[in-house]
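*Asks:* Can you read through this structure? Questions will come right after.
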Protein chains: 6
Amino acid sequence: MSPLRLIVEPVVRVALLEDLGRAGDITTEAVVPAEATVEAEIVARQPGVLAGIDAGLLAFELVDPALRLEPICKDGARISRGETVARISGRARGVLSAERTALNLLSRMSGVATATRGLADAIAGYKAKIVCTRKTTPGLRTLEKYAVRLGGGANHRFGLDDAMLIKDNHIALAGGVRATLERARRHAGHLIKIELEVDTLDQLAEALEVGVDAVLLDNMAPETLRRAVAMVDGRAVTEASGRISPETAAAVAAAGVDLISSGWITHSAPILDLGLDIAT
Amino acid sequence: MSPLRLIVEPVVRVALLEDLGRAGDITTEAVVPAEATVEAEIVARQPGVLAGIDAGLLAFELVDPALRLEPICKDGARISRGETVARISGRARGVLSAERTALNLLSRMSGVATATRGLADAIAGYKAKIVCTRKTTPGLRTLEKYAVRLGGGANHRFGLDDAMLIKDNHIALAGGVRATLERARRHAGHLIKIELEVDTLDQLAEALEVGVDAVLLDNMAPETLRRAVAMVDGRAVTEASGRISPETAAAVAAAGVDLISSGWITHSAPILDLGLDIAT
Amino acid sequence: MSPLRLIVEPVVRVALLEDLGRAGDITTEAVVPAEATVEAEIVARQPGVLAGIDAGLLAFELVDPALRLEPICKDGARISRGETVARISGRARGVLSAERTALNLLSRMSGVATATRGLADAIAGYKAKIVCTRKTTPGLRTLEKYAVRLGGGANHRFGLDDAMLIKDNHIALAGGVRATLERARRHAGHLIKIELEVDTLDQLAEALEVGVDAVLLDNMAPETLRRAVAMVDGRAVTEASGRISPETAAAVAAAGVDLISSGWITHSAPILDLGLDIAT
Amino acid sequence: MSPLRLIVEPVVRVALLEDLGRAGDITTEAVVPAEATVEAEIVARQPGVLAGIDAGLLAFELVDPALRLEPICKDGARISRGETVARISGRARGVLSAERTALNLLSRMSGVATATRGLADAIAGYKAKIVCTRKTTPGLRTLEKYAVRLGGGANHRFGLDDAMLIKDNHIALAGGVRATLERARRHAGHLIKIELEVDTLDQLAEALEVGVDAVLLDNMAPETLRRAVAMVDGRAVTEASGRISPETAAAVAAAGVDLISSGWITHSAPILDLGLDIAT
Amino acid sequence: MSPLRLIVEPVVRVALLEDLGRAGDITTEAVVPAEATVEAEIVARQPGVLAGIDAGLLAFELVDPALRLEPICKDGARISRGETVARISGRARGVLSAERTALNLLSRMSGVATATRGLADAIAGYKAKIVCTRKTTPGLRTLEKYAVRLGGGANHRFGLDDAMLIKDNHIALAGGVRATLERARRHAGHLIKIELEVDTLDQLAEALEVGVDAVLLDNMAPETLRRAVAMVDGRAVTEASGRISPETAAAVAAAGVDLISSGWITHSAPILDLGLDIAT
Amino acid sequence: MSPLRLIVEPVVRVALLEDLGRAGDITTEAVVPAEATVEAEIVARQPGVLAGIDAGLLAFELVDPALRLEPICKDGARISRGETVARISGRARGVLSAERTALNLLSRMSGVATATRGLADAIAGYKAKIVCTRKTTPGLRTLEKYAVRLGGGANHRFGLDDAMLIKDNHIALAGGVRATLERARRHAGHLIKIELEVDTLDQLAEALEVGVDAVLLDNMAPETLRRAVAMVDGRAVTEASGRISPETAAAVAAAGVDLISSGWITHSAPILDLGLDIAT
């Protein structure tokens, strides 16, 4: 489900005000008659996965509540080049003033969904799922994590506070895998899971001895990954990470891991090109 | 100059709170002793142009004002793989809790600067300059426009309110190039420039007749661009746009335009990979 | 066009909450029955130019969305003493609780429009236009600049970021008119205009040599202004400033300048007296 | 005492961000070298009463915390033309970028204080004191009420919630003076005072019979005021209102009222002209 | 009357976002079908006084504006165990996601009203009224003071700024009762009342000599209170304070004071247990 | 560790501004000389567990950054009646103006910690731990959950988004225990735990068959609880809930559950009485 408007609206307001500034859309107010109306369509300029239709249409609504907004495609739909994803009609001024903000939101979120879909498709047939990271755009985490789900991925932690992910620096500072895991378990609430990043199979063995919910197998070669999965043998969720691309993902998935995490799908995915066509 | 802290700090606060949530960094608090200290370095994992050092360090400062923050490289510097761009030392907990937010800001801004630099280098020797668009990340416009400057680009409008950019839809709604331009000039304040998007040389001729500060030559082939530049003959700034890439930019620049605008440098540039190395 | 509700609403909310405080309108709640209804009219107590009807009515709507709000006059209308500019009807409590905030907004904005109109009328027949400055009320810049337009004036810069205005201190710090203008042109984006303040005709000559979009002729006597306008000879927009009043404006306009700027219309214009008449 | 920084700082931040916009002070950044320093003075361009020195200097501090800020005069001081009220020194860029916002705050507040002082001086020798109203600038109530005190005035209600002021509309809706006052007294907390607006001596008589803390004698001729004061005979505070000016105030004060309220001192007082002189 | 939505809505939004976090109600979204609808009732699990029905229902509305909301009981009603106070129907997801926030607001406010009612009932027959203090929950003062009124209590000051309450520390710092009171009266606006805390009858005598609107008789034994009331003899409002409970209140009231203040009704009242019953 | 200042400061600012209003602490400003200084101590008026010392002292710092703040006891300390927990010295005005807000925060948080400690002590010797719920004060969840930890309790979910807790209504809407749990597991991210509320042993058996991280045994009699614990036999965390009090907790703990959850410790715990003693 799309995140609640209660959560999304502040983000859309900030985006609109950032574009409108103090004086508003001075071009449109100068040249477009107040009474002019348009029929407009948001159209995909390239194929991909749609994400953010609610956020995009909300930009139009906040600028002019009298606009008629009609979503045609649903979030998560695979859309083709030239496909109309939504129609907007009403006063031309509102449509033009909200256009860029709406498209910025929609094309970025769809870019994340499409990138995720690409990775997910690359490992279809394997049990592994693509998961995101905390390498999201500042201010847009909820929207980007939602787009990841639409693209067939699953969500990792939403932030530092909803699960424990013990990394190499934690282990170094806390005195080794065993000591760190034990401290973590003592402090973790009963609904908090613990994942531990391991760089070697020795660390993995130590972690499994103490017990852990998930292990992050960082930057391991496929063969090492395979041995790690075998060692785990179902006692923990296995997650592989490290410069995953559509080209390399299948080899990682073939190693039998449960999850493959990718920062790229949120921090470096290109947008999905969407445009607004106006029939004046 | 880096944007004023007054402007940047609210963005960094939102980013930190988005990551820290209600309960904060539960992993670090559970496993890292309160008194542990570290020496840390922000290190480039790939070559590029640095941008956002103030914003990145501010994330650490807001989490723990007692941290010692030492920038090594300056914004705009070309950095190489393995180069240290800043040092942070002090309590380990603060360093670890701010790390991801700091890197998210820094790597995204540096990604924009690096992408811009790539385009700018591709047209070195020509008079043309790279300019950005309004296709920026919602909430981060000021930071991304600053990164564009660091990468050797120039800034286009910051928003809908600081200059007039008349697009095809405006022209259609206002009744042609001449009528639109005349309306625009009547309404424009004396410090507001007017740019007009033209799709054909006929439109260009009409615009030049009326007079305009700049023309946006959208999606024209290099040969058409060349003819357009000749027609303009210095009477307006010429800007070319339309799917500019490092591969195609030089051909466009060779047509003699003043500016080449790229949405890609802000909406789809991959991040520049930077990491935090900790000596515990 | 009235500024978007998206931009105005936060200002009106702050104003209402400032008046309502924690406990709200304790007088009205104590003495006016919840079910009492009224027909009310906003009436001009003196002649002038109306500005802010949307902002004023929004105050009523935010306090009680069930009120019927009917604007009678439009923003920019010349209104006479005793003229009804809007009708409000519905529950008495809401009307009374919003009254002061609505009138504070409306009478201040109308005061700005009326003052501007006074200056504009004083120079009717000349080509010069009245422009505002950045000497606006903190927090109300968008609303006051809009009121200036309604009064027949034009807008100068909205802030420090949408155009360059080089003042005497800039020139002193940057090393003279030529050096300053050259630095400014190197840094200005292609849609940023540059205006330069000159105190003498020598400075003006230097500025025209380098080239500049507009010149601010500060505190010059009418005769000097006339010579300045002749020197400029259409190569730049000419703006005169310095203690402009309805009495002195015509003499300045007669010198042939394009613009006459006035801080007084925003920082010191008296309000236009408007009141709320209630038929109980 | 100056209002707490906790209360004032949000107002100053809003004012600064309104002026700096997204891109900041582009003129200063383009032409003034980063390392340039200045000694600057805030100087009165006309005589008056100073108000807002803390708010004004806070604008400089928020833009550049490294600036040295030295108040010379205190809030409430009578200052003469040419007098220096504060010194600021440090990096030129910060001084120039904050200048306008600082002066806008300072000159508006000083304008209110000076206007109040003018009225207060006009009634020196009488027991009456000048009081303000709720006709303040939206968003600036706390600052303007403080300026009124500095000018020798006293504060009326700060908002709708800290005292009851029963006006003619309340009386009409609640069924007459007696019924209204009785309802008010039933609902008023034990620390809430009640003031009643009366238009006639009959209403006054009725109010005094029921008992009331203060009476607002609206738009009464001096002779009627005198009779009203005699009728009250110390049983309530007497406040006169209605188009008070320095010319008419003494006649009103001579009628023996305790308070004379003026909306003009906050809604229409001209600013006090203050400027920034820079020794470069 | 319930506080204006303008004032209450920000509090409810903060409460909802605190519960929904970044990812929203993940349980409900996972297991409850999007199209499922419910009929729900808010039911009292114990007898008490209802308070906060508007705030509670607003939580549902903000999560899903399409929900049908039907208040059954009014704020201030005495409700019995098992009584239905409101009905909500519509999409199940919205009902479940808002439930906890709505109940948290409603049960806390009803707890305050019920506790106040308990104290008020304990002194029924005496003239004394229960009043609240500033010992309220941070962020909820307006809502809790409203609940106090619903429970039959009256409101004391809403904050530090709407009346003067001189406490023992003030007296010590200002140099005794007389000096303090005189300073207070010199500074107090004409609509500001002054209350003074006295610990002894000597202090009371001194206060009455100077004159004061109310006296706070702190921690006096009933017999001393009775003598204090006699000394005051109607010249000031008398307020008793100090560990008031339903058991001790009547003895205090019997001493003849006007007001009995209790911090307990806001800082330590247990909630009134209300639950949501869903007919699926 | 105390929550980060970044998270706590906005809560403390809201609390202070709620108390200071528009005009600030008018009593203190009227009667206490600006130069007066004090030595003050925060002293426990009853024994309990201290919580919130950072938040309390932050209130003083935000009102007057020049105050010297010296914590004497640490959060979590058991304090006795009369014990000094912190010292504050400096200008008297700041101390008095911040006092109430500081104490409101400190006494509420300490009340939660003390109530938790009481329950925790009641079950000392058993393996069970006390956990909190989402029945917290709107706006104060982070602070109250922290206080629970200080009192020897553990934290349950912080909100709807960090773990799944399937309640009776979810089960009814989703079609039974098995179907619900299976849907939940399909949607839960790999770091999300699932807890299920069961009302009967049959439901428990079904849940254990499908597999679940924790079970909430709601309102079961001790004997039923014992049988439930035996059935679970370590396969899930067991949590008992339902009107837990210090009197009943031991019987519940004796049944062998892992956790006992209490809403009372956050929604109805009385404050811990702390006061400010001033040596003037």
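Ordering of the structure tokens sets the chain letters (A, B, ...); residue numbers start at 1 within each chain; ligands are numbered from 1 in the order shown.
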Among range 152-262 of chain E, which ones does DSSP place in alpha helix (DSSP H), written as a PyMOL selection string?

*Replies:* chain E and resi 168-174+177-187+201-210+222-232+249-254

*Asks:* Grab the residues selected above and save them as a compact mmCIF listing (two decimals), in the first residue's frame with N, CA and C atoms.

*Replies:*
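Below is the file that was written, part.txt:
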```txt
# COMPACT_ATOMS: atom_id res chain seq x y z
N ASP E 168 7.18 32.11 46.67
CA ASP E 168 8.12 32.37 47.75
C ASP E 168 9.49 32.82 47.24
N ASN E 169 9.96 32.18 46.16
CA ASN E 169 11.27 32.57 45.66
C ASN E 169 11.28 34.00 45.11
N HIS E 170 10.20 34.38 44.47
CA HIS E 170 10.11 35.75 43.99
C HIS E 170 10.21 36.73 45.17
N ILE E 171 9.48 36.41 46.21
CA ILE E 171 9.46 37.31 47.38
C ILE E 171 10.85 37.42 47.98
N ALA E 172 11.50 36.29 48.10
CA ALA E 172 12.85 36.31 48.68
C ALA E 172 13.80 37.14 47.82
N LEU E 173 13.69 37.00 46.51
CA LEU E 173 14.61 37.71 45.61
C LEU E 173 14.28 39.21 45.49
N ALA E 174 13.01 39.53 45.69
CA ALA E 174 12.61 40.92 45.47
C ALA E 174 12.56 41.73 46.76
N VAL E 177 7.34 40.86 50.92
CA VAL E 177 6.00 40.88 50.32
C VAL E 177 5.65 42.25 49.78
N ARG E 178 5.86 43.28 50.59
CA ARG E 178 5.43 44.61 50.16
C ARG E 178 6.19 45.07 48.92
N ALA E 179 7.50 44.97 48.96
CA ALA E 179 8.32 45.43 47.84
C ALA E 179 7.97 44.65 46.57
N THR E 180 7.76 43.36 46.75
CA THR E 180 7.46 42.53 45.58
C THR E 180 6.13 42.91 44.96
N LEU E 181 5.14 43.03 45.78
CA LEU E 181 3.81 43.37 45.29
C LEU E 181 3.82 44.73 44.61
N GLU E 182 4.54 45.66 45.19
CA GLU E 182 4.58 46.99 44.59
C GLU E 182 5.26 46.97 43.23
N ARG E 183 6.35 46.22 43.12
CA ARG E 183 7.00 46.10 41.81
C ARG E 183 6.05 45.43 40.82
N ALA E 184 5.37 44.41 41.28
CA ALA E 184 4.46 43.68 40.38
C ALA E 184 3.38 44.62 39.85
N ARG E 185 2.80 45.41 40.74
CA ARG E 185 1.71 46.30 40.31
C ARG E 185 2.19 47.38 39.36
N ARG E 186 3.44 47.82 39.56
CA ARG E 186 3.96 48.82 38.64
C ARG E 186 4.10 48.25 37.23
N HIS E 187 4.46 46.99 37.14
CA HIS E 187 4.72 46.40 35.82
C HIS E 187 3.50 45.74 35.18
N LEU E 201 0.35 33.86 58.11
CA LEU E 201 -0.69 34.88 58.23
C LEU E 201 -0.09 36.28 58.28
N ASP E 202 1.15 36.38 58.73
CA ASP E 202 1.81 37.69 58.71
C ASP E 202 2.01 38.16 57.27
N GLN E 203 2.47 37.24 56.45
CA GLN E 203 2.62 37.60 55.03
C GLN E 203 1.27 37.99 54.43
N LEU E 204 0.26 37.25 54.82
CA LEU E 204 -1.08 37.53 54.30
C LEU E 204 -1.51 38.95 54.68
N ALA E 205 -1.28 39.30 55.91
CA ALA E 205 -1.66 40.63 56.38
C ALA E 205 -0.97 41.71 55.56
N GLU E 206 0.33 41.47 55.32
CA GLU E 206 1.11 42.46 54.56
C GLU E 206 0.56 42.56 53.13
N ALA E 207 0.23 41.45 52.55
CA ALA E 207 -0.28 41.44 51.18
C ALA E 207 -1.60 42.19 51.10
N LEU E 208 -2.45 41.95 52.05
CA LEU E 208 -3.77 42.60 52.01
C LEU E 208 -3.64 44.11 52.19
N GLU E 209 -2.66 44.48 52.96
CA GLU E 209 -2.42 45.91 53.14
C GLU E 209 -2.08 46.59 51.82
N VAL E 210 -1.21 45.93 51.05
CA VAL E 210 -0.82 46.49 49.74
C VAL E 210 -1.95 46.31 48.74
N PRO E 222 -6.15 23.24 57.99
CA PRO E 222 -7.52 23.77 57.87
C PRO E 222 -7.81 24.92 58.83
N GLU E 223 -7.34 24.81 60.02
CA GLU E 223 -7.63 25.87 61.00
C GLU E 223 -6.96 27.18 60.59
N THR E 224 -5.72 27.09 60.16
CA THR E 224 -5.02 28.29 59.69
C THR E 224 -5.73 28.85 58.46
N LEU E 225 -6.14 27.96 57.57
CA LEU E 225 -6.87 28.39 56.37
C LEU E 225 -8.10 29.20 56.76
N ARG E 226 -8.82 28.68 57.76
CA ARG E 226 -10.05 29.36 58.18
C ARG E 226 -9.74 30.78 58.68
N ARG E 227 -8.66 30.90 59.43
CA ARG E 227 -8.28 32.24 59.91
C ARG E 227 -7.85 33.12 58.74
N ALA E 228 -7.19 32.51 57.77
CA ALA E 228 -6.76 33.29 56.60
C ALA E 228 -7.97 33.82 55.85
N VAL E 229 -8.95 32.94 55.65
CA VAL E 229 -10.15 33.36 54.93
C VAL E 229 -10.84 34.50 55.67
N ALA E 230 -10.86 34.38 56.96
CA ALA E 230 -11.48 35.44 57.75
C ALA E 230 -10.72 36.75 57.62
N MET E 231 -9.40 36.66 57.64
CA MET E 231 -8.58 37.87 57.47
C MET E 231 -8.84 38.53 56.12
N VAL E 232 -8.91 37.71 55.08
CA VAL E 232 -9.10 38.24 53.73
C VAL E 232 -10.45 38.94 53.63
N ALA E 249 -9.91 17.00 50.49
CA ALA E 249 -10.43 18.22 49.86
C ALA E 249 -11.56 18.86 50.66
N ALA E 250 -12.46 18.03 51.21
CA ALA E 250 -13.62 18.60 51.88
C ALA E 250 -13.21 19.42 53.11
N ALA E 251 -12.21 18.94 53.82
CA ALA E 251 -11.74 19.69 54.99
C ALA E 251 -11.20 21.05 54.58
N VAL E 252 -10.53 21.07 53.46
CA VAL E 252 -9.99 22.34 52.97
C VAL E 252 -11.12 23.25 52.52
N ALA E 253 -12.06 22.67 51.78
CA ALA E 253 -13.19 23.47 51.31
C ALA E 253 -13.98 24.04 52.47
N ALA E 254 -14.09 23.26 53.51
CA ALA E 254 -14.86 23.69 54.67
C ALA E 254 -14.25 24.92 55.33
```

*Asks:* Could you pull out all residues of range 55-261 of chain F with a DSSP call of strand (DSSP E or B) and give them as number ranges by chain?

*Replies:* F: 68-71, 78-79, 84-91, 129-131, 154, 164-166, 192, 194-198, 214-218, 237-241, 259-261

*Asks:* Which of these, D:Ala240, D:Met1, D:Leu103, D:Leu69, has the shortest distance to Ala128 in chain D once you count only C-alpha atoms?

*Replies:* D:Ala240

*Asks:* If the cut-off is 8 Å, can you tell me the residues of chain B near chain E, counting only C-alpha atoms? I'd like them as a short mmCIF file (atom, residue, chain, number, x, y, z; two decimals) with N, CA, C and O atoms, in the first residue's frame.

*Replies:*
```cif
data_model
loop_
_atom_site.label_atom_id
_atom_site.label_comp_id
_atom_site.auth_asym_id
_atom_site.auth_seq_id
_atom_site.Cartn_x
_atom_site.Cartn_y
_atom_site.Cartn_z
N GLU B 18 15.50 11.12 10.22
CA GLU B 18 14.93 10.05 9.40
C GLU B 18 15.67 8.73 9.64
O GLU B 18 15.09 7.65 9.57
N GLY B 21 15.30 7.79 13.84
CA GLY B 21 13.97 7.40 14.28
C GLY B 21 13.69 7.78 15.72
O GLY B 21 14.19 8.79 16.22
N ARG B 22 12.86 6.98 16.38
CA ARG B 22 12.50 7.28 17.76
C ARG B 22 13.55 6.77 18.74
O ARG B 22 13.82 7.38 19.76
#
```

*Asks:* Quick one: residues within 10 Å of Gly52 in chain E, only C-alpha atoms counted, chain neighbours fewer than 3 positions away excluded, as a ChimeraX atom specification?

*Replies:* /E:2-3,55-58,74-76,102-103,105-110,113,143-144,146-147,150

*Asks:* If we count only C-alpha atoms and set the cut-off at 12 Å, which residues sit around Glu9 in chain E, ignoring sequence neighbours fewer than 2 positions away in its own chain? Please answer as an MDAnalysis selection string.

*Replies:* (chainID A and resid 6) or (chainID C and resid 13 62) or (chainID E and resid 3:7 11:16 54:62 140 142:143)

*Asks:* Tell me which protein, DNA and RNA residues are within 12 Å of His267 in chain A, counting only C-alpha atoms, leaving out same-chain ones fewer than 2 positions away, and put them as number ranges by chain.

*Replies:* A: 108-109, 111-112, 115-116, 132-138, 140-141, 144-145, 148, 262-265, 269-271; B: 103-109, 111-112, 137, 267-273

*Asks:* Could you write those residues out with C-alpha atoms, as a tab-separated table (two decimals), in the first residue's frame?

*Replies:*
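The new file part-v4.tsv reads:
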```tsv
chain	number	residue	atom	x	y	z
A	108	ARG	CA	12.69	9.24	-9.18
A	109	MET	CA	10.47	6.73	-7.43
A	111	GLY	CA	13.54	4.85	-11.31
A	112	VAL	CA	14.10	3.08	-8.00
A	115	ALA	CA	16.18	-0.60	-11.02
A	116	THR	CA	14.97	-2.98	-8.35
A	132	CYS	CA	17.54	-2.26	-0.11
A	133	THR	CA	19.89	-0.48	2.31
A	134	ARG	CA	19.99	2.81	4.25
A	135	LYS	CA	21.82	4.43	1.32
A	136	THR	CA	18.71	6.37	0.36
A	137	THR	CA	18.18	9.97	-0.63
A	138	PRO	CA	18.08	12.24	2.44
A	140	LEU	CA	12.94	10.41	0.84
A	141	ARG	CA	13.53	7.14	2.69
A	144	GLU	CA	12.20	5.02	-1.85
A	145	LYS	CA	11.69	1.97	0.37
A	148	VAL	CA	11.78	-0.92	-3.75
A	262	SER	CA	21.94	-3.33	-3.14
A	263	GLY	CA	22.66	0.29	-2.33
A	264	TRP	CA	22.72	1.10	-6.02
A	265	ILE	CA	18.93	0.75	-6.46
A	269	ALA	CA	19.40	4.34	-10.04
A	270	PRO	CA	18.70	6.60	-13.00
A	271	ILE	CA	15.21	8.06	-13.05
B	103	LEU	CA	28.03	9.71	3.59
B	104	ASN	CA	24.60	9.81	1.97
B	105	LEU	CA	24.85	13.59	1.68
B	106	LEU	CA	28.47	13.68	0.66
B	107	SER	CA	28.36	10.89	-1.89
B	108	ARG	CA	25.22	12.19	-3.58
B	109	MET	CA	26.53	15.74	-3.86
B	111	GLY	CA	28.12	12.32	-7.57
B	112	VAL	CA	26.43	15.38	-9.00
B	137	THR	CA	15.96	15.73	-6.00
B	267	HIS	CA	18.35	13.34	-11.61
B	268	SER	CA	20.39	10.32	-12.60
B	269	ALA	CA	24.03	10.82	-11.72
B	270	PRO	CA	25.35	7.85	-9.76
B	271	ILE	CA	26.79	8.71	-6.38
B	272	LEU	CA	30.51	9.03	-5.84
B	273	ASP	CA	31.49	6.18	-3.56
```

*Asks:* Any idea what the distance is between CA of Glu83 in chain F and CA of Ile244 in chain E?

*Replies:*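 These two atoms are separated by 23.7 Å.
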
*Asks:* Which neighbours of Ala279 in chain B fall inside 7 Å, counting only C-alpha atoms, when residues of the same chain fewer than 2 positions from it are skipped, and could you give them as a ChimeraX atom specification?

*Replies:* /B:38-40,277

*Asks:* Pick out the residues sitting within 8 Å of Gly275 in chain F, and hand them over as a list in words; count only C-alpha atoms, and ignore anything fewer than 4 positions along from it in its own chain.

*Replies:*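 Contacts, in chain order: Ile42, Val43, Ala44, Arg45 and Leu103 of chain F.
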
*Asks:* Could those residues be written to a file, using N, CA and C atoms, as a short mmCIF file (atom, residue, chain, number, x, y, z; two decimals), in the first residue's frame?

*Replies:*
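Saved to again.cif:
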```cif
data_model
loop_
_atom_site.label_atom_id
_atom_site.label_comp_id
_atom_site.auth_asym_id
_atom_site.auth_seq_id
_atom_site.Cartn_x
_atom_site.Cartn_y
_atom_site.Cartn_z
N ILE F 42 17.79 20.82 42.50
CA ILE F 42 16.60 20.00 42.27
C ILE F 42 16.65 18.87 43.29
N VAL F 43 15.60 18.77 44.07
CA VAL F 43 15.59 17.87 45.22
C VAL F 43 14.40 16.94 45.14
N ALA F 44 14.64 15.68 45.43
CA ALA F 44 13.54 14.71 45.45
C ALA F 44 12.67 14.93 46.67
N ARG F 45 11.37 14.98 46.45
CA ARG F 45 10.44 15.10 47.58
C ARG F 45 9.94 13.73 48.02
N LEU F 103 10.88 20.72 35.69
CA LEU F 103 10.32 19.77 36.66
C LEU F 103 9.21 18.92 36.04
#
```

*Asks:* Please determine, counting only C-alpha atoms, which residue among D:Ile53, D:Ile260, D:Ala34, D:Ile192 has the shortest atom-to-atom distance to Ala154 in chain D.

*Replies:*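 Smallest separation from Ala154 in chain D among the options: D:Ile260.
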